[in-house]
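Everything below belongs to work-v1.csv, which stores CSV, N, CA and C atoms.
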```
chain,number,residue,atom,x,y,z
A,1,MET,N,80.9,109.5,84.0
A,1,MET,CA,81.8,108.8,84.9
A,1,MET,C,83.2,109.6,84.9
A,2,ASN,N,83.8,109.8,86.0
A,2,ASN,CA,85.0,110.5,86.2
A,2,ASN,C,86.1,109.6,86.5
A,3,SER,N,87.3,110.1,86.3
A,3,SER,CA,88.6,109.4,86.7
A,3,SER,C,89.0,110.0,88.0
A,4,TYR,N,89.3,109.2,89.0
A,4,TYR,CA,89.7,109.7,90.3
A,4,TYR,C,91.1,109.3,90.6
A,5,VAL,N,91.9,110.1,91.3
A,5,VAL,CA,93.2,109.8,91.9
A,5,VAL,C,93.0,109.7,93.4
A,6,ILE,N,93.6,108.6,93.9
A,6,ILE,CA,93.4,108.3,95.4
A,6,ILE,C,94.8,108.4,96.0
A,7,PHE,N,94.8,109.2,97.1
A,7,PHE,CA,96.0,109.3,98.0
A,7,PHE,C,95.7,108.6,99.3
A,8,ILE,N,96.6,107.7,99.8
A,8,ILE,CA,96.3,106.9,100.9
A,8,ILE,C,97.3,107.1,102.0
A,9,LYS,N,96.9,107.2,103.3
A,9,LYS,CA,97.7,107.3,104.4
A,9,LYS,C,97.1,106.5,105.5
A,10,GLY,N,97.6,105.3,105.8
A,10,GLY,CA,97.0,104.4,106.8
A,10,GLY,C,95.5,104.1,106.5
A,11,ASP,N,94.6,104.4,107.4
A,11,ASP,CA,93.2,104.2,107.2
A,11,ASP,C,92.5,105.4,106.5
A,12,GLU,N,93.3,106.5,106.3
A,12,GLU,CA,92.7,107.7,105.7
A,12,GLU,C,93.0,107.8,104.2
A,13,SER,N,92.1,108.3,103.5
A,13,SER,CA,92.3,108.5,102.0
A,13,SER,C,91.7,109.8,101.6
A,14,LYS,N,92.3,110.3,100.5
A,14,LYS,CA,91.8,111.5,99.8
A,14,LYS,C,91.5,111.1,98.4
A,15,VAL,N,90.3,111.4,97.9
A,15,VAL,CA,89.9,111.1,96.6
A,15,VAL,C,89.7,112.5,95.8
A,16,ILE,N,90.4,112.6,94.7
A,16,ILE,CA,90.4,113.8,94.0
A,16,ILE,C,90.1,113.5,92.5
A,17,ILE,N,89.3,114.3,91.8
A,17,ILE,CA,89.1,114.1,90.4
A,17,ILE,C,90.4,114.4,89.7
A,18,LYS,N,90.8,113.5,88.7
A,18,LYS,CA,92.1,113.5,88.1
A,18,LYS,C,92.4,114.9,87.5
A,19,THR,N,91.4,115.5,86.9
A,19,THR,CA,91.7,116.8,86.2
A,19,THR,C,92.0,117.9,87.3
A,20,GLN,N,91.6,117.7,88.5
A,20,GLN,CA,91.9,118.7,89.5
A,20,GLN,C,93.2,118.5,90.3
A,21,VAL,N,93.9,117.4,90.0
A,21,VAL,CA,95.1,117.2,90.7
A,21,VAL,C,96.3,118.0,90.0
A,22,THR,N,96.9,118.8,90.8
A,22,THR,CA,98.1,119.6,90.4
A,22,THR,C,99.3,119.1,91.1
A,23,ARG,N,100.5,119.5,90.6
A,23,ARG,CA,101.7,119.2,91.3
A,23,ARG,C,101.7,119.7,92.7
A,24,GLU,N,101.2,120.9,92.9
A,24,GLU,CA,101.2,121.5,94.3
A,24,GLU,C,100.3,120.6,95.2
A,25,ILE,N,99.2,120.2,94.8
A,25,ILE,CA,98.3,119.3,95.6
A,25,ILE,C,99.0,118.0,95.9
A,26,SER,N,99.6,117.4,94.9
A,26,SER,CA,100.3,116.2,95.0
A,26,SER,C,101.5,116.3,96.0
A,27,LYS,N,102.3,117.4,95.9
A,27,LYS,CA,103.4,117.6,96.8
A,27,LYS,C,102.9,117.8,98.2
A,28,GLN,N,101.8,118.6,98.4
A,28,GLN,CA,101.3,118.9,99.7
A,28,GLN,C,100.8,117.6,100.4
A,29,LEU,N,100.1,116.8,99.6
A,29,LEU,CA,99.6,115.5,100.2
A,29,LEU,C,100.8,114.6,100.6
A,30,LYS,N,101.8,114.5,99.7
A,30,LYS,CA,102.9,113.7,100.0
A,30,LYS,C,103.7,114.2,101.2
A,31,ALA,N,103.8,115.5,101.4
A,31,ALA,CA,104.4,116.1,102.5
A,31,ALA,C,103.7,115.7,103.8
A,32,ASN,N,102.3,115.5,103.7
A,32,ASN,CA,101.5,115.1,104.8
A,32,ASN,C,101.5,113.6,105.1
A,33,GLY,N,102.3,112.9,104.3
A,33,GLY,CA,102.4,111.4,104.5
A,33,GLY,C,101.5,110.6,103.6
A,34,PHE,N,100.8,111.1,102.7
A,34,PHE,CA,100.0,110.4,101.8
A,34,PHE,C,100.8,109.8,100.7
A,35,THR,N,100.5,108.6,100.2
A,35,THR,CA,101.1,108.1,99.0
A,35,THR,C,100.0,108.0,97.9
A,36,ARG,N,100.4,108.2,96.7
A,36,ARG,CA,99.4,108.1,95.6
A,36,ARG,C,99.2,106.7,95.1
A,37,TYR,N,98.0,106.3,95.0
A,37,TYR,CA,97.7,105.0,94.4
A,37,TYR,C,98.1,105.0,92.9
A,38,PRO,N,98.8,104.0,92.4
A,38,PRO,CA,99.4,104.2,91.1
A,38,PRO,C,98.4,104.2,89.9
A,39,TYR,N,97.2,103.8,90.1
A,39,TYR,CA,96.2,103.7,89.0
A,39,TYR,C,95.1,104.7,89.3
A,40,THR,N,94.5,105.2,88.2
A,40,THR,CA,93.3,106.0,88.3
A,40,THR,C,92.1,105.1,88.4
A,41,ILE,N,91.1,105.5,89.1
A,41,ILE,CA,89.8,104.7,89.3
A,41,ILE,C,88.7,105.4,88.6
A,42,ASP,N,88.0,104.7,87.7
A,42,ASP,CA,86.9,105.3,87.0
A,42,ASP,C,85.6,105.0,87.8
A,43,ALA,N,84.9,106.0,88.2
A,43,ALA,CA,83.7,105.8,89.1
A,43,ALA,C,82.8,107.0,88.9
A,44,ASP,N,81.5,106.9,89.4
A,44,ASP,CA,80.6,107.9,89.3
A,44,ASP,C,80.8,109.0,90.3
A,45,ASN,N,81.3,108.6,91.5
A,45,ASN,CA,81.5,109.6,92.6
A,45,ASN,C,82.6,109.1,93.5
A,46,GLU,N,83.0,109.9,94.5
A,46,GLU,CA,84.1,109.5,95.4
A,46,GLU,C,83.8,108.3,96.1
A,47,ARG,N,82.6,108.1,96.6
A,47,ARG,CA,82.3,106.9,97.4
A,47,ARG,C,82.5,105.6,96.5
A,48,ASP,N,82.0,105.7,95.2
A,48,ASP,CA,82.2,104.5,94.3
A,48,ASP,C,83.6,104.3,94.0
A,49,ALA,N,84.4,105.3,94.0
A,49,ALA,CA,85.9,105.2,93.7
A,49,ALA,C,86.5,104.4,94.9
A,50,ILE,N,86.2,104.8,96.1
A,50,ILE,CA,86.7,104.1,97.3
A,50,ILE,C,86.3,102.6,97.3
A,51,GLN,N,85.0,102.4,97.0
A,51,GLN,CA,84.5,101.0,96.9
A,51,GLN,C,85.2,100.2,95.9
A,52,THR,N,85.4,100.8,94.7
A,52,THR,CA,86.1,100.1,93.6
A,52,THR,C,87.5,99.8,94.1
A,53,LEU,N,88.2,100.7,94.7
A,53,LEU,CA,89.6,100.5,95.2
A,53,LEU,C,89.6,99.3,96.2
A,54,ASN,N,88.6,99.3,97.1
A,54,ASN,CA,88.6,98.3,98.1
A,54,ASN,C,88.3,96.9,97.5
A,55,LYS,N,87.4,96.9,96.5
A,55,LYS,CA,87.1,95.6,95.8
A,55,LYS,C,88.3,95.1,95.1
A,56,LYS,N,89.1,96.0,94.4
A,56,LYS,CA,90.3,95.6,93.7
A,56,LYS,C,91.3,95.1,94.7
A,57,GLY,N,91.4,95.8,95.8
A,57,GLY,CA,92.4,95.4,96.8
A,57,GLY,C,92.1,94.0,97.4
A,58,GLN,N,90.8,93.7,97.6
A,58,GLN,CA,90.4,92.4,98.1
A,58,GLN,C,90.6,91.3,97.1
A,59,GLU,N,90.4,91.6,95.8
A,59,GLU,CA,90.7,90.7,94.7
A,59,GLU,C,92.2,90.3,94.7
A,60,HIS,N,93.0,91.3,94.8
A,60,HIS,CA,94.5,91.1,94.9
A,60,HIS,C,94.9,90.3,96.1
A,61,LEU,N,94.3,90.5,97.2
A,61,LEU,CA,94.6,89.7,98.4
A,61,LEU,C,94.2,88.3,98.3
A,62,ASN,N,93.0,88.1,97.7
A,62,ASN,CA,92.5,86.7,97.5
A,62,ASN,C,93.4,86.0,96.5
A,63,ALA,N,93.9,86.6,95.4
A,63,ALA,CA,94.8,86.0,94.5
A,63,ALA,C,96.1,85.7,95.1
A,64,LEU,N,96.6,86.6,96.0
A,64,LEU,CA,97.9,86.4,96.7
A,64,LEU,C,97.7,85.2,97.7
A,65,SER,N,96.6,85.1,98.4
A,65,SER,CA,96.5,84.0,99.3
A,65,SER,C,96.4,82.7,98.6
A,66,GLU,N,95.7,82.6,97.5
A,66,GLU,CA,95.6,81.4,96.7
A,66,GLU,C,97.0,81.0,96.2
A,67,PHE,N,97.8,82.0,95.7
A,67,PHE,CA,99.2,81.7,95.3
A,67,PHE,C,100.0,81.2,96.4
A,68,THR,N,100.0,81.8,97.5
A,68,THR,CA,100.9,81.4,98.6
A,68,THR,C,100.4,80.1,99.2
A,69,GLY,N,99.1,79.8,99.2
A,69,GLY,CA,98.6,78.5,99.6
A,69,GLY,C,99.1,77.4,98.7
A,70,ASN,N,99.1,77.6,97.4
A,70,ASN,CA,99.6,76.6,96.4
A,70,ASN,C,101.1,76.4,96.6
A,71,ILE,N,101.8,77.5,96.8
A,71,ILE,CA,103.3,77.4,96.9
A,71,ILE,C,103.6,76.6,98.2
A,72,PHE,N,102.9,76.9,99.3
A,72,PHE,CA,103.1,76.2,100.6
A,72,PHE,C,102.8,74.7,100.4
A,73,PHE,N,101.8,74.3,99.7
A,73,PHE,CA,101.5,72.9,99.5
A,73,PHE,C,102.6,72.2,98.7
A,74,TYR,N,103.1,72.9,97.6
A,74,TYR,CA,104.2,72.3,96.8
A,74,TYR,C,105.4,72.1,97.6
A,75,CYS,N,105.8,73.1,98.4
A,75,CYS,CA,107.0,73.1,99.3
A,75,CYS,C,106.8,72.0,100.3
A,76,ALA,N,105.7,71.9,100.9
A,76,ALA,CA,105.5,70.8,101.9
A,76,ALA,C,105.6,69.4,101.3
A,77,PHE,N,105.0,69.3,100.1
A,77,PHE,CA,105.1,68.0,99.4
A,77,PHE,C,106.6,67.7,99.0
A,78,LEU,N,107.3,68.7,98.6
A,78,LEU,CA,108.7,68.5,98.3
A,78,LEU,C,109.5,68.1,99.5
A,79,VAL,N,109.3,68.7,100.6
A,79,VAL,CA,110.0,68.4,101.9
A,79,VAL,C,109.7,67.0,102.3
A,80,VAL,N,108.5,66.6,102.3
A,80,VAL,CA,108.1,65.2,102.7
A,80,VAL,C,108.7,64.2,101.7
A,81,SER,N,108.7,64.5,100.4
A,81,SER,CA,109.3,63.6,99.4
A,81,SER,C,110.8,63.4,99.7
A,82,LEU,N,111.5,64.5,100.0
A,82,LEU,CA,112.9,64.5,100.2
A,82,LEU,C,113.2,63.7,101.5
A,83,VAL,N,112.4,63.8,102.5
A,83,VAL,CA,112.6,63.1,103.8
A,83,VAL,C,112.4,61.6,103.5
A,84,VAL,N,111.3,61.3,102.8
A,84,VAL,CA,111.0,59.8,102.5
A,84,VAL,C,112.2,59.3,101.6
A,85,ALA,N,112.7,60.0,100.6
A,85,ALA,CA,113.8,59.5,99.8
A,85,ALA,C,115.0,59.3,100.6
A,86,PHE,N,115.3,60.3,101.5
A,86,PHE,CA,116.4,60.2,102.4
A,86,PHE,C,116.4,58.9,103.3
A,87,ILE,N,115.2,58.6,103.8
A,87,ILE,CA,115.0,57.5,104.8
A,87,ILE,C,115.2,56.2,104.0
A,88,PHE,N,114.5,56.0,102.8
A,88,PHE,CA,114.5,54.8,102.1
A,88,PHE,C,115.8,54.5,101.3
A,89,PHE,N,116.5,55.5,100.9
A,89,PHE,CA,117.7,55.3,100.1
A,89,PHE,C,119.0,55.5,100.9
A,90,ARG,N,119.0,55.3,102.1
A,90,ARG,CA,120.1,55.5,103.0
A,90,ARG,C,121.1,54.4,102.9
```

Can the structure from this file be put into structure tokens for me?
Amino acid sequence: MNSYVIFIKGDESKVIIKTQVTREISKQLKANGFTRYPYTIDADNERDAIQTLNKKGQEHLNALSEFTGNIFFYCAFLVVSLVVAFIFFR
């Protein structure tokens, strides 16, 4: 199993084995508009590295949507409670 570094630019990505990444390669990719994914991905090959990245990204999005859904519910409940309190204690 190898460690991979992933550079992302929109829908395009470059997957490079961590031991092969040099400052020159990193600077060149950044000059071309790529940003480096902050974590290394352990995988058997480049395709698995991309799949692992996509899976982790989807997990993060799901967790974020659950969090925002919960916050929205609490805020809506708070607003309704304040409106009811304002109406009855006028």

Residue list as a VMD selection string for point (86.1, 116.4, 83.8), cut-off 7 Å, only N, CA and C atoms: chain A and resid 2 to 3 19

I'd like to know which residues of region 13-53 of chain A are helix (DSSP H, G or I) (by DSSP, run on the backbone); could you write them as an MDAnalysis selection string? chainID A and resid 18:20 23:31 46:53

Cut-off 5 Å around (84.8, 101.8, 89.3) with all atoms listed in the file: residues as a PyMOL selection string: chain A and resi 42-43+52

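Atom pair atom C of His60 (chain A) / atom N of Ser26 (chain A) has a distance of 27.5 Å (rounded to one decimal).
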
Shortest interatomic distance to Lys56 (chain A) - which of A:Phe7, A:Phe89, A:Tyr74, A:Tyr39, counting only C-alpha atoms: A:Tyr39

Can you check which residues of region 7-77 of chain A DSSP gives as strand (DSSP E or B) on the backbone and send them as a VMD selection string? chain A and resid 7 to 9 12 to 17 35 to 36 41 to 43

Please measure the separation of atom N of Phe77 (chain A) and CA of Gly57 (chain A), giving the value in Å to one decimal. 29.2 Å

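Between CA of Ala76 (chain A) and CA of Gln58 (chain A) the separation is 26.6 Å.
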
I'd like the contact shell of Val21 (chain A) - 12 Å cut-off, only C-alpha atoms, skipping same-chain residues fewer than 2 positions apart - returned as a count of residues only. 20

Write out as an MDAnalysis selection string which residues come within 7 Å of Asn45 (chain A) when counting only N, CA and C atoms, dropping same-chain ones fewer than 4 positions away. chainID A and resid 1:2 49:50

Take the residues from that selection and put them in a file with N, CA and C atoms, as a tab-separated table (two decimals), in the frame of the given file.
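Just written: selection28.tsv:
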```
chain	number	residue	atom	x	y	z
A	1	MET	N	80.90	109.50	84.00
A	1	MET	CA	81.80	108.80	84.90
A	1	MET	C	83.20	109.60	84.90
A	2	ASN	N	83.80	109.80	86.00
A	2	ASN	CA	85.00	110.50	86.20
A	2	ASN	C	86.10	109.60	86.50
A	49	ALA	N	84.40	105.30	94.00
A	49	ALA	CA	85.90	105.20	93.70
A	49	ALA	C	86.50	104.40	94.90
A	50	ILE	N	86.20	104.80	96.10
A	50	ILE	CA	86.70	104.10	97.30
A	50	ILE	C	86.30	102.60	97.30
```
